[in-house]
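Shown next, in structure tokens, is the structure this report addresses.
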Amino acid sequence: MKTDHPFKEQRSHPDTARILGHIVDCNGSRATIASTTGSRDQALAAELSVGKLITIKVGKSRIVALVYSMQCPSELWSETSGNTMHFQVELVGEIRDDEGDVVFSAGISDYPRLGDPAHNIRAEDLDAIYSVTGVNPIKIGHLSQNADIAASISADALLNRHFAIVGTTGVGKSTAVSLIVNRVVEACPDLRVLILDPHNEFAAAFKEKAHLIDTEHLDLPFWLFRLEEFAEVIFRGRQTVVEEIDALRELIAEAKRDFRGASDSARVYRRADQSVITSDTPIPYRMADLLALIDERIGQLDRREEKPFLRSLKVRIQSAINDPRFRFMFSSNTIMDNISDILRDIFRIPGDGRPITSFQLSGIPSEVVNAVASVLCRLAFEIALWSNGAMRILVLCEEAHRYVPADKELGFYPTRQAVARIAKEGRKYGVGLGVVTQRPGELDPTILSQCSTVFAMRLANDHDQEIIRSAISNSSSSTTSFLSSIGNGEAIAFGEAVPVPMRMCFERLRRHDLPRTSSNNRKKFRGSRSSDGLPDIDFIVQQMRHTEMPMSTTGMSPEMKASLQPELDSLRPFGLADEMDDEEQTLPPSMPAEAGEKAERPRTNSVRDFTFRSLKRRD
């Protein structure tokens with residue numbers, strides 16, 4: 001039973017030794033605690049600092065409050081006489097003793113009264129506040145306030161509701177990612193993780209748990225790309241030409257029907273069972289067929305106005321085919337319907353003890369990285385969708401502001417669409433999204449707002465801090481005011497995976513488990529070296545070119561450019577050939593054209609063979 005004199009009640013209370021001060025002001029969400037030096041409160045109050053949790057005794061419950069500001073009302077500090085201190089706190093929740101158990105609730109049933117005492121929080125109360133009672137709790141560190149209290153999160157809430165890790169460069173975001181992913185995979189063995197790694201730094205962090213895919217082992221055939229994604233590749237990120245895209249839409253669908261064995265009559269009358277095949281249907285087709293179909297249209301008399309655009313389109317496609325940087329798309333000489341094998345390899349089905357796939361994107365041309373990211377995110381969602389949620393997938397986007405920038409005019413729309421679809425609908429089908437960025441202000445706010453758990457590490461930029469405040473519904477200015485000053489490896493965690501906003505330190509990883517880029521390891525360089533031990537510049541140039549043969553400025557070998565020169569000249573009146581000349585690529589040595597070839601439409605599966613055969617025929 002409460003008394004009318006809380007001071008009298010507390011004088012006989014065993015917690016009086018922990019008193020920090022008393023309530024002198026209170027509203028619905030905040031309160032002010034007053035303490036005077038020279039009194040019994042002095043020793044404990046002197047240890048109080050911004051960011052600490054305290055409790056306020058109210059009847060049989062204890063109100064949990066967070067200190068966010070400290071003041072000396074007189075604005076003077078005396079070493080000889082008493083000083084009055086004011087602590088502004090934000091009310092966080094309520095603790096009750098329920099039959100011997102300490103139970104925390106985020107709601108407050110009874111607010112503090114003037115004069116109620118504030119106490120230094122007990123360890124068991126801290127443990128009750130931050131304990132995770134959901135399924136699959138995982139430990140990722142400890143509380144900043146008390147290193148003996150574990151910082152735990154709910155793995156299921158983290159995956160089902162998406163999460164974000166934000167922080168400026170060098171604060172430990174990649175280390176936090178490595179720690180969280182490792183712990184989540186241990187707690188959820190059925191989970192598959194796809195990491196878009198632009199810096200190739202997670203190979204060292206996951207070791208035997210990860211399946212690494214780099215440009216040397218990447219097999220992402222061109223026919224898996226949708227029309228917009230394929231156009232992004234052949235136009236190299238430039239503005240597309242409507243006439244060329246329209247022609248490509250029809251011709252790719254026709255080439256896919258040819259691969260499926262449709263007869264000429266079926267193509268003419270467009271039977272119902274064939275009409276469902278579009279340019280976006282994930283069915284293989286031969287690049288030889290596509291180029292042959294373009295040739296057929298060029299030769300038709302009733303399409304004279306389309307010829308310049310068709311010729312330009314053909315040059316673009318041939319340039320991409322012969323660009324060594326696009327080997328991951330066009331390397332296979334035999335086209336086959338191996339989509340199942342590709343998906344098994346990327347999404348680890350079965351996992352064979354390696355449930356993580358790290359896609360190392362640094363070797364992919366920058367102008368088509370967005371297209372590759374679009375393909376991977378789209379496939380992840382479609383696998384989860386068509387498996388009716390039986391596949392649990394986590395897509396982790398490092399440097400996410402590259403793929404979904406805040407400016408709608410920047411980036412690649414299909415990538416933005418694929419990531420947004422996971423963010424908005426993924427939880428229904430078991431696919432989660434993790435975004436990692438150093439500039440949340442440059443990330444699409446819609447994507448960030450869909451992340452129900454955020455680990456905010458140090459952010460020095462005011463705009464970035466404001467983005468975090470606005471994106472997290474249950475955060476407050478008092479909690480996020482620490483973002484500019486927290487240390488490396490420290491974060492403020494908000495959202496569904498934690499009971500209340502939590503200031504924590506991530507667990508330290510062993511040195512050999514830390515993520516690091518392979519480019520920082522000088523000992524791994526296997527090329528030639530100069531006399532003083534530095535990498536030989538000729539070897540570096542050779543790697544840049546991927547070939548020892550000098551190339552012309554069109555992105556083709558001199559022989560190919562000479563054979564295509566008549567077509568290029570015919571495009572100049574339309575202003576289309578200049579763009580071809582501007583593309584500066586390096587290509588492998590040209591292959592000799594085979595003699596005595598027939599003039600009929602080739603049926604070879606070889607992309608490169610057809611390119612040179614068609615050039616030879618025109619000569």
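As shown in the structure tokens, the chain order sets the letters A, B, ...; within each chain, residues go from 1, and ligands are also counted from 1 in the order they appear.
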Skipping near chain neighbours, those fewer than 2 positions away, what residues fall within 10 Å of A:Val500 using only C-alpha atoms, listed as an mmCIF file with all heavy atoms, in the first residue's frame?
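Ended up saving to result.cif:
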```cif
data_model
loop_
_atom_site.group_PDB
_atom_site.id
_atom_site.type_symbol
_atom_site.label_atom_id
_atom_site.label_comp_id
_atom_site.auth_asym_id
_atom_site.auth_seq_id
_atom_site.Cartn_x
_atom_site.Cartn_y
_atom_site.Cartn_z
ATOM 1 N N VAL A 92 11.262 4.771 -20.054
ATOM 2 C CA VAL A 92 11.402 3.679 -21.026
ATOM 3 C C VAL A 92 10.367 2.587 -20.810
ATOM 4 O O VAL A 92 9.790 2.065 -21.767
ATOM 5 C CB VAL A 92 12.827 3.088 -20.950
ATOM 6 C CG1 VAL A 92 12.954 1.870 -21.863
ATOM 7 C CG2 VAL A 92 13.856 4.144 -21.306
ATOM 8 N N GLY A 93 10.118 2.211 -19.579
ATOM 9 C CA GLY A 93 9.201 1.113 -19.304
ATOM 10 C C GLY A 93 9.063 0.886 -17.812
ATOM 11 O O GLY A 93 9.399 1.755 -16.991
ATOM 12 N N SER A 105 8.117 -4.509 -18.767
ATOM 13 C CA SER A 105 7.072 -4.160 -19.731
ATOM 14 C C SER A 105 7.379 -2.785 -20.304
ATOM 15 O O SER A 105 7.785 -1.868 -19.565
ATOM 16 C CB SER A 105 5.696 -4.150 -19.062
ATOM 17 O OG SER A 105 4.714 -3.622 -19.930
ATOM 18 N N ALA A 106 7.188 -2.632 -21.625
ATOM 19 C CA ALA A 106 7.475 -1.345 -22.264
ATOM 20 C C ALA A 106 6.451 -0.284 -21.899
ATOM 21 O O ALA A 106 6.708 0.906 -22.047
ATOM 22 C CB ALA A 106 7.529 -1.519 -23.787
ATOM 23 N N ILE A 129 15.433 -6.387 -18.549
ATOM 24 C CA ILE A 129 15.077 -5.434 -19.613
ATOM 25 C C ILE A 129 15.531 -5.948 -20.970
ATOM 26 O O ILE A 129 14.782 -5.898 -21.959
ATOM 27 C CB ILE A 129 15.698 -4.059 -19.321
ATOM 28 C CG1 ILE A 129 15.048 -3.433 -18.082
ATOM 29 C CG2 ILE A 129 15.550 -3.125 -20.526
ATOM 30 C CD1 ILE A 129 15.766 -2.195 -17.592
ATOM 31 N N TYR A 130 16.750 -6.451 -21.061
ATOM 32 C CA TYR A 130 17.338 -6.792 -22.354
ATOM 33 C C TYR A 130 17.307 -8.285 -22.673
ATOM 34 O O TYR A 130 17.876 -8.710 -23.679
ATOM 35 C CB TYR A 130 18.776 -6.285 -22.416
ATOM 36 C CG TYR A 130 18.864 -4.776 -22.418
ATOM 37 C CD1 TYR A 130 19.366 -4.083 -21.325
ATOM 38 C CD2 TYR A 130 18.407 -4.048 -23.506
ATOM 39 C CE1 TYR A 130 19.441 -2.703 -21.315
ATOM 40 C CE2 TYR A 130 18.466 -2.667 -23.503
ATOM 41 C CZ TYR A 130 18.992 -1.998 -22.410
ATOM 42 O OH TYR A 130 19.045 -0.624 -22.420
ATOM 43 N N SER A 131 16.668 -9.072 -21.829
ATOM 44 C CA SER A 131 16.575 -10.498 -22.132
ATOM 45 C C SER A 131 15.611 -10.708 -23.296
ATOM 46 O O SER A 131 14.569 -10.049 -23.389
ATOM 47 C CB SER A 131 16.102 -11.283 -20.907
ATOM 48 O OG SER A 131 14.801 -10.859 -20.514
ATOM 49 N N ASN A 474 10.152 3.946 -32.900
ATOM 50 C CA ASN A 474 10.202 3.975 -31.441
ATOM 51 C C ASN A 474 11.486 4.607 -30.905
ATOM 52 O O ASN A 474 11.798 4.494 -29.743
ATOM 53 C CB ASN A 474 10.059 2.557 -30.866
ATOM 54 C CG ASN A 474 11.224 1.668 -31.264
ATOM 55 O OD1 ASN A 474 12.009 2.033 -32.123
ATOM 56 N ND2 ASN A 474 11.317 0.510 -30.638
ATOM 57 N N SER A 475 12.248 5.255 -31.776
ATOM 58 C CA SER A 475 13.450 5.940 -31.305
ATOM 59 C C SER A 475 13.078 7.346 -30.859
ATOM 60 O O SER A 475 12.029 7.876 -31.201
ATOM 61 C CB SER A 475 14.502 5.998 -32.410
ATOM 62 O OG SER A 475 14.051 6.828 -33.458
ATOM 63 N N ALA A 493 21.020 -0.242 -30.864
ATOM 64 C CA ALA A 493 20.122 -1.148 -31.579
ATOM 65 C C ALA A 493 18.677 -0.784 -31.271
ATOM 66 O O ALA A 493 18.311 -0.617 -30.111
ATOM 67 C CB ALA A 493 20.407 -2.591 -31.182
ATOM 68 N N PHE A 494 17.867 -0.636 -32.334
ATOM 69 C CA PHE A 494 16.452 -0.334 -32.200
ATOM 70 C C PHE A 494 15.647 -1.423 -32.885
ATOM 71 O O PHE A 494 16.136 -2.092 -33.781
ATOM 72 C CB PHE A 494 16.095 0.990 -32.897
ATOM 73 C CG PHE A 494 16.944 2.163 -32.517
ATOM 74 C CD1 PHE A 494 18.086 2.480 -33.229
ATOM 75 C CD2 PHE A 494 16.568 2.959 -31.465
ATOM 76 C CE1 PHE A 494 18.852 3.574 -32.893
ATOM 77 C CE2 PHE A 494 17.326 4.059 -31.116
ATOM 78 C CZ PHE A 494 18.476 4.374 -31.835
ATOM 79 N N GLY A 495 14.396 -1.538 -32.519
ATOM 80 C CA GLY A 495 13.480 -2.287 -33.359
ATOM 81 C C GLY A 495 12.987 -3.599 -32.806
ATOM 82 O O GLY A 495 13.079 -3.902 -31.614
ATOM 83 N N GLU A 496 12.468 -4.419 -33.744
ATOM 84 C CA GLU A 496 11.749 -5.637 -33.396
ATOM 85 C C GLU A 496 12.630 -6.700 -32.750
ATOM 86 O O GLU A 496 12.153 -7.511 -31.967
ATOM 87 C CB GLU A 496 11.105 -6.230 -34.659
ATOM 88 C CG GLU A 496 10.068 -5.342 -35.305
ATOM 89 C CD GLU A 496 8.786 -5.289 -34.504
ATOM 90 O OE1 GLU A 496 8.570 -6.196 -33.684
ATOM 91 O OE2 GLU A 496 8.008 -4.338 -34.699
ATOM 92 N N ALA A 497 13.912 -6.734 -33.079
ATOM 93 C CA ALA A 497 14.776 -7.809 -32.589
ATOM 94 C C ALA A 497 15.270 -7.572 -31.170
ATOM 95 O O ALA A 497 15.873 -8.463 -30.573
ATOM 96 C CB ALA A 497 15.969 -7.997 -33.523
ATOM 97 N N VAL A 498 15.046 -6.366 -30.624
ATOM 98 C CA VAL A 498 15.467 -6.056 -29.258
ATOM 99 C C VAL A 498 14.264 -5.544 -28.481
ATOM 100 O O VAL A 498 13.375 -4.898 -29.054
ATOM 101 C CB VAL A 498 16.608 -5.015 -29.232
ATOM 102 C CG1 VAL A 498 17.867 -5.592 -29.852
ATOM 103 C CG2 VAL A 498 16.202 -3.738 -29.956
ATOM 104 N N MET A 502 18.844 -0.278 -27.306
ATOM 105 C CA MET A 502 19.939 -0.845 -26.515
ATOM 106 C C MET A 502 21.275 -0.297 -27.004
ATOM 107 O O MET A 502 21.619 -0.421 -28.186
ATOM 108 C CB MET A 502 19.918 -2.374 -26.653
ATOM 109 C CG MET A 502 21.083 -3.097 -26.033
ATOM 110 S SD MET A 502 20.863 -4.902 -26.140
ATOM 111 C CE MET A 502 20.830 -5.175 -27.918
ATOM 112 N N ARG A 503 22.012 0.324 -26.112
ATOM 113 C CA ARG A 503 23.388 0.730 -26.421
ATOM 114 C C ARG A 503 24.307 -0.429 -26.067
ATOM 115 O O ARG A 503 24.341 -0.867 -24.914
ATOM 116 C CB ARG A 503 23.773 1.987 -25.649
ATOM 117 C CG ARG A 503 25.157 2.502 -26.002
ATOM 118 C CD ARG A 503 25.423 3.844 -25.377
ATOM 119 N NE ARG A 503 26.778 4.301 -25.646
ATOM 120 C CZ ARG A 503 27.280 5.477 -25.248
ATOM 121 N NH1 ARG A 503 26.504 6.317 -24.567
ATOM 122 N NH2 ARG A 503 28.517 5.815 -25.543
#
```
Inset, instruction - Please provide the set of residues having any atom within 10 Å of A:Val436, restricted to only C-alpha atoms, with same-chain residues fewer than 5 positions apart removed, written as a ChimeraX atom specification. - result: /A:163-167,173-174,177,396-401,443,454-455
With N, CA and C atoms retained, export the selected residues as a short mmCIF file (atom, residue, chain, number, x, y, z; two decimals), in the first residue's frame.
```cif
data_model
loop_
_atom_site.label_atom_id
_atom_site.label_comp_id
_atom_site.auth_asym_id
_atom_site.auth_seq_id
_atom_site.Cartn_x
_atom_site.Cartn_y
_atom_site.Cartn_z
N PHE A 163 16.62 -5.87 -41.55
CA PHE A 163 17.47 -5.09 -40.65
C PHE A 163 18.46 -4.26 -41.45
N ALA A 164 19.01 -3.27 -40.77
CA ALA A 164 20.00 -2.38 -41.39
C ALA A 164 21.13 -2.14 -40.40
N ILE A 165 22.33 -2.00 -40.95
CA ILE A 165 23.51 -1.63 -40.16
C ILE A 165 24.08 -0.38 -40.80
N VAL A 166 24.10 0.72 -40.08
CA VAL A 166 24.56 1.99 -40.62
C VAL A 166 25.68 2.53 -39.75
N GLY A 167 26.57 3.27 -40.35
CA GLY A 167 27.69 3.85 -39.61
C GLY A 167 28.74 4.36 -40.56
N LYS A 173 31.41 -1.75 -39.26
CA LYS A 173 30.17 -2.31 -39.85
C LYS A 173 30.40 -3.72 -40.38
N SER A 174 31.47 -3.91 -41.14
CA SER A 174 31.72 -5.24 -41.72
C SER A 174 31.95 -6.29 -40.65
N VAL A 177 28.59 -7.18 -39.36
CA VAL A 177 27.90 -8.05 -40.32
C VAL A 177 28.39 -9.49 -40.18
N LEU A 396 21.82 -9.90 -48.32
CA LEU A 396 22.56 -8.87 -47.60
C LEU A 396 23.26 -7.96 -48.62
N CYS A 397 22.90 -6.68 -48.63
CA CYS A 397 23.43 -5.72 -49.59
C CYS A 397 24.44 -4.81 -48.90
N GLU A 398 25.70 -5.06 -49.13
CA GLU A 398 26.76 -4.17 -48.66
C GLU A 398 26.80 -2.94 -49.57
N GLU A 399 27.03 -1.75 -48.97
CA GLU A 399 26.98 -0.49 -49.72
C GLU A 399 25.64 -0.36 -50.46
N ALA A 400 24.56 -0.52 -49.70
CA ALA A 400 23.23 -0.59 -50.30
C ALA A 400 22.83 0.69 -51.01
N HIS A 401 23.41 1.84 -50.64
CA HIS A 401 23.04 3.09 -51.31
C HIS A 401 23.46 3.11 -52.78
N LEU A 443 20.48 6.60 -49.00
CA LEU A 443 19.71 5.38 -49.22
C LEU A 443 18.22 5.73 -49.33
N VAL A 454 17.41 -1.81 -36.57
CA VAL A 454 18.53 -1.00 -37.06
C VAL A 454 19.64 -1.01 -36.01
N PHE A 455 20.85 -1.27 -36.48
CA PHE A 455 22.05 -1.13 -35.64
C PHE A 455 22.75 0.14 -36.11
#
```
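Remark: for A:Tyr285, the closest of the candidate residues A:Ala320, A:His463, A:Phe330, A:Val242 is A:Phe330 (distances computed over only C-alpha atoms).
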Going by DSSP on the backbone, which residues of stretch 289-413 of chain A come out as strand (DSSP E)? List them as an mmCIF file with N, CA, C and O atoms, in the first residue's frame.
```
data_model
loop_
_atom_site.group_PDB
_atom_site.id
_atom_site.type_symbol
_atom_site.label_atom_id
_atom_site.label_comp_id
_atom_site.auth_asym_id
_atom_site.auth_seq_id
_atom_site.Cartn_x
_atom_site.Cartn_y
_atom_site.Cartn_z
ATOM 1 N N ILE A 356 26.321 -19.948 -46.901
ATOM 2 C CA ILE A 356 26.513 -18.543 -47.264
ATOM 3 C C ILE A 356 27.134 -18.465 -48.652
ATOM 4 O O ILE A 356 28.119 -19.150 -48.936
ATOM 5 N N THR A 357 26.576 -17.634 -49.508
ATOM 6 C CA THR A 357 27.159 -17.356 -50.822
ATOM 7 C C THR A 357 27.616 -15.911 -50.844
ATOM 8 O O THR A 357 26.816 -14.995 -50.650
ATOM 9 N N SER A 358 28.907 -15.717 -51.042
ATOM 10 C CA SER A 358 29.468 -14.368 -51.119
ATOM 11 C C SER A 358 29.757 -14.051 -52.578
ATOM 12 O O SER A 358 30.655 -14.628 -53.185
ATOM 13 N N PHE A 359 28.963 -13.150 -53.134
ATOM 14 C CA PHE A 359 29.135 -12.722 -54.520
ATOM 15 C C PHE A 359 30.123 -11.576 -54.553
ATOM 16 O O PHE A 359 29.822 -10.464 -54.123
ATOM 17 N N GLN A 360 31.310 -11.835 -55.062
ATOM 18 C CA GLN A 360 32.337 -10.811 -55.105
ATOM 19 C C GLN A 360 32.182 -10.000 -56.397
ATOM 20 O O GLN A 360 32.510 -10.460 -57.490
ATOM 21 N N ARG A 392 14.172 -20.320 -46.741
ATOM 22 C CA ARG A 392 14.477 -19.098 -45.987
ATOM 23 C C ARG A 392 15.763 -18.512 -46.542
ATOM 24 O O ARG A 392 16.820 -19.162 -46.531
ATOM 25 N N ILE A 393 15.667 -17.295 -47.038
ATOM 26 C CA ILE A 393 16.805 -16.651 -47.690
ATOM 27 C C ILE A 393 17.012 -15.272 -47.082
ATOM 28 O O ILE A 393 16.051 -14.538 -46.833
ATOM 29 N N LEU A 394 18.267 -14.927 -46.833
ATOM 30 C CA LEU A 394 18.644 -13.577 -46.415
ATOM 31 C C LEU A 394 19.513 -12.968 -47.506
ATOM 32 O O LEU A 394 20.556 -13.520 -47.861
ATOM 33 N N VAL A 395 19.073 -11.842 -48.064
ATOM 34 C CA VAL A 395 19.857 -11.097 -49.056
ATOM 35 C C VAL A 395 20.498 -9.925 -48.339
ATOM 36 O O VAL A 395 19.800 -9.051 -47.799
ATOM 37 N N LEU A 396 21.825 -9.899 -48.318
ATOM 38 C CA LEU A 396 22.563 -8.867 -47.599
ATOM 39 C C LEU A 396 23.256 -7.958 -48.615
ATOM 40 O O LEU A 396 24.110 -8.421 -49.384
ATOM 41 N N CYS A 397 22.896 -6.684 -48.626
ATOM 42 C CA CYS A 397 23.429 -5.715 -49.590
ATOM 43 C C CYS A 397 24.441 -4.814 -48.904
ATOM 44 O O CYS A 397 24.062 -3.900 -48.154
ATOM 45 N N GLU A 398 25.701 -5.062 -49.130
ATOM 46 C CA GLU A 398 26.757 -4.165 -48.659
ATOM 47 C C GLU A 398 26.797 -2.941 -49.568
ATOM 48 O O GLU A 398 26.622 -3.051 -50.784
#
```
Legend entry - Closest of A:Thr55, A:Thr278, A:Gln318, A:Ser331 to A:Leu20 - atom-to-atom distances counting only C-alpha atoms: A:Thr55
Inset, instruction - Considering only C-alpha atoms, return as a PyMOL selection string whatever protein or nucleic-acid residues lie within 8 Å of stretch 418-426 of chain A, sequence-local ones (same chain, fewer than 4 positions apart) excluded. - result: chain A and resi 162+374+377-378+381+404+414+430-433+447+450-451
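The closest residue to A:Leu509, picked from A:Ala205, A:Ile63, A:Leu91, A:Ala253 and counting only C-alpha atoms, is A:Ala205.
The nearest approach to A:His217 among the residues A:Asp280, A:Glu186, A:Asp345, A:Asp352, with only C-alpha atoms taken into account, belongs to A:Asp345.
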Inset, instruction - Tell me which protein, DNA and RNA residues are within 10 Å of A:Leu218, counting only C-alpha atoms, leaving out same-chain ones fewer than 5 positions away, and put them as number ranges by chain. - result: A: 212-213, 327-329, 331, 342, 346, 359-361, 364
Preceding selection exported with all heavy atoms as a short mmCIF file (atom, residue, chain, number, x, y, z; two decimals), in the first residue's frame:
```
data_model
loop_
_atom_site.label_atom_id
_atom_site.label_comp_id
_atom_site.auth_asym_id
_atom_site.auth_seq_id
_atom_site.Cartn_x
_atom_site.Cartn_y
_atom_site.Cartn_z
N LEU A 212 32.28 -18.98 -52.21
CA LEU A 212 32.71 -17.73 -52.84
C LEU A 212 32.53 -17.81 -54.35
O LEU A 212 32.94 -18.78 -54.98
CB LEU A 212 34.17 -17.42 -52.49
CG LEU A 212 34.52 -17.37 -51.00
CD1 LEU A 212 36.00 -17.07 -50.82
CD2 LEU A 212 33.68 -16.32 -50.30
N ILE A 213 31.93 -16.78 -54.91
CA ILE A 213 31.76 -16.68 -56.36
C ILE A 213 32.39 -15.38 -56.82
O ILE A 213 31.92 -14.29 -56.47
CB ILE A 213 30.26 -16.72 -56.76
CG1 ILE A 213 29.61 -18.01 -56.29
CG2 ILE A 213 30.11 -16.55 -58.25
CD1 ILE A 213 28.14 -18.11 -56.65
N ARG A 327 32.68 -12.02 -69.59
CA ARG A 327 32.81 -13.46 -69.74
C ARG A 327 31.80 -14.22 -68.90
O ARG A 327 31.38 -15.31 -69.25
CB ARG A 327 34.23 -13.90 -69.34
CG ARG A 327 35.30 -13.54 -70.36
CD ARG A 327 36.62 -14.07 -69.90
NE ARG A 327 36.97 -13.55 -68.57
CZ ARG A 327 38.17 -13.10 -68.25
NH1 ARG A 327 39.13 -13.07 -69.14
NH2 ARG A 327 38.42 -12.65 -67.03
N PHE A 328 31.41 -13.63 -67.75
CA PHE A 328 30.47 -14.32 -66.87
C PHE A 328 29.11 -14.49 -67.53
O PHE A 328 28.30 -15.31 -67.10
CB PHE A 328 30.31 -13.56 -65.55
CG PHE A 328 29.68 -12.20 -65.68
CD1 PHE A 328 28.31 -12.05 -65.54
CD2 PHE A 328 30.44 -11.08 -65.94
CE1 PHE A 328 27.71 -10.81 -65.64
CE2 PHE A 328 29.87 -9.82 -66.05
CZ PHE A 328 28.49 -9.69 -65.91
N MET A 329 28.84 -13.73 -68.59
CA MET A 329 27.56 -13.84 -69.29
C MET A 329 27.66 -14.66 -70.57
O MET A 329 26.75 -15.41 -70.91
CB MET A 329 27.02 -12.45 -69.64
CG MET A 329 26.59 -11.62 -68.46
SD MET A 329 26.02 -9.98 -68.98
CE MET A 329 24.65 -10.40 -70.06
N SER A 331 30.51 -16.62 -71.68
CA SER A 331 31.67 -17.51 -71.77
C SER A 331 31.32 -18.88 -72.31
O SER A 331 32.16 -19.55 -72.92
CB SER A 331 32.33 -17.65 -70.40
OG SER A 331 31.42 -18.21 -69.48
N ILE A 342 22.38 -23.69 -61.90
CA ILE A 342 22.83 -22.34 -61.54
C ILE A 342 22.22 -21.92 -60.20
O ILE A 342 22.92 -21.41 -59.32
CB ILE A 342 22.46 -21.35 -62.65
CG1 ILE A 342 23.24 -21.66 -63.92
CG2 ILE A 342 22.74 -19.91 -62.20
CD1 ILE A 342 22.79 -20.86 -65.13
N ILE A 346 24.12 -21.02 -56.61
CA ILE A 346 24.05 -19.69 -56.00
C ILE A 346 23.39 -19.75 -54.62
O ILE A 346 23.87 -19.15 -53.66
CB ILE A 346 23.29 -18.72 -56.92
CG1 ILE A 346 24.07 -18.48 -58.22
CG2 ILE A 346 23.04 -17.39 -56.21
CD1 ILE A 346 23.35 -17.61 -59.23
N PHE A 359 28.96 -13.15 -53.13
CA PHE A 359 29.13 -12.72 -54.52
C PHE A 359 30.12 -11.58 -54.55
O PHE A 359 29.82 -10.46 -54.12
CB PHE A 359 27.79 -12.27 -55.09
CG PHE A 359 27.33 -13.12 -56.24
CD1 PHE A 359 26.45 -14.16 -56.05
CD2 PHE A 359 27.80 -12.86 -57.52
CE1 PHE A 359 26.02 -14.94 -57.09
CE2 PHE A 359 27.38 -13.64 -58.58
CZ PHE A 359 26.49 -14.69 -58.38
N GLN A 360 31.31 -11.83 -55.06
CA GLN A 360 32.34 -10.81 -55.11
C GLN A 360 32.18 -10.00 -56.40
O GLN A 360 32.51 -10.46 -57.49
CB GLN A 360 33.72 -11.44 -55.01
CG GLN A 360 33.90 -12.25 -53.73
CD GLN A 360 35.31 -12.77 -53.54
OE1 GLN A 360 36.10 -12.82 -54.47
NE2 GLN A 360 35.64 -13.16 -52.33
N LEU A 361 31.71 -8.77 -56.24
CA LEU A 361 31.31 -7.96 -57.39
C LEU A 361 32.39 -7.01 -57.89
O LEU A 361 32.17 -6.30 -58.87
CB LEU A 361 30.07 -7.13 -57.02
CG LEU A 361 28.83 -7.93 -56.59
CD1 LEU A 361 27.72 -6.97 -56.17
CD2 LEU A 361 28.36 -8.83 -57.72
N ILE A 364 33.36 -7.19 -61.62
CA ILE A 364 32.33 -6.97 -62.63
C ILE A 364 32.34 -5.50 -63.04
O ILE A 364 32.49 -4.62 -62.19
CB ILE A 364 30.95 -7.37 -62.07
CG1 ILE A 364 30.94 -8.86 -61.75
CG2 ILE A 364 29.83 -7.03 -63.04
CD1 ILE A 364 29.65 -9.34 -61.12
#
```
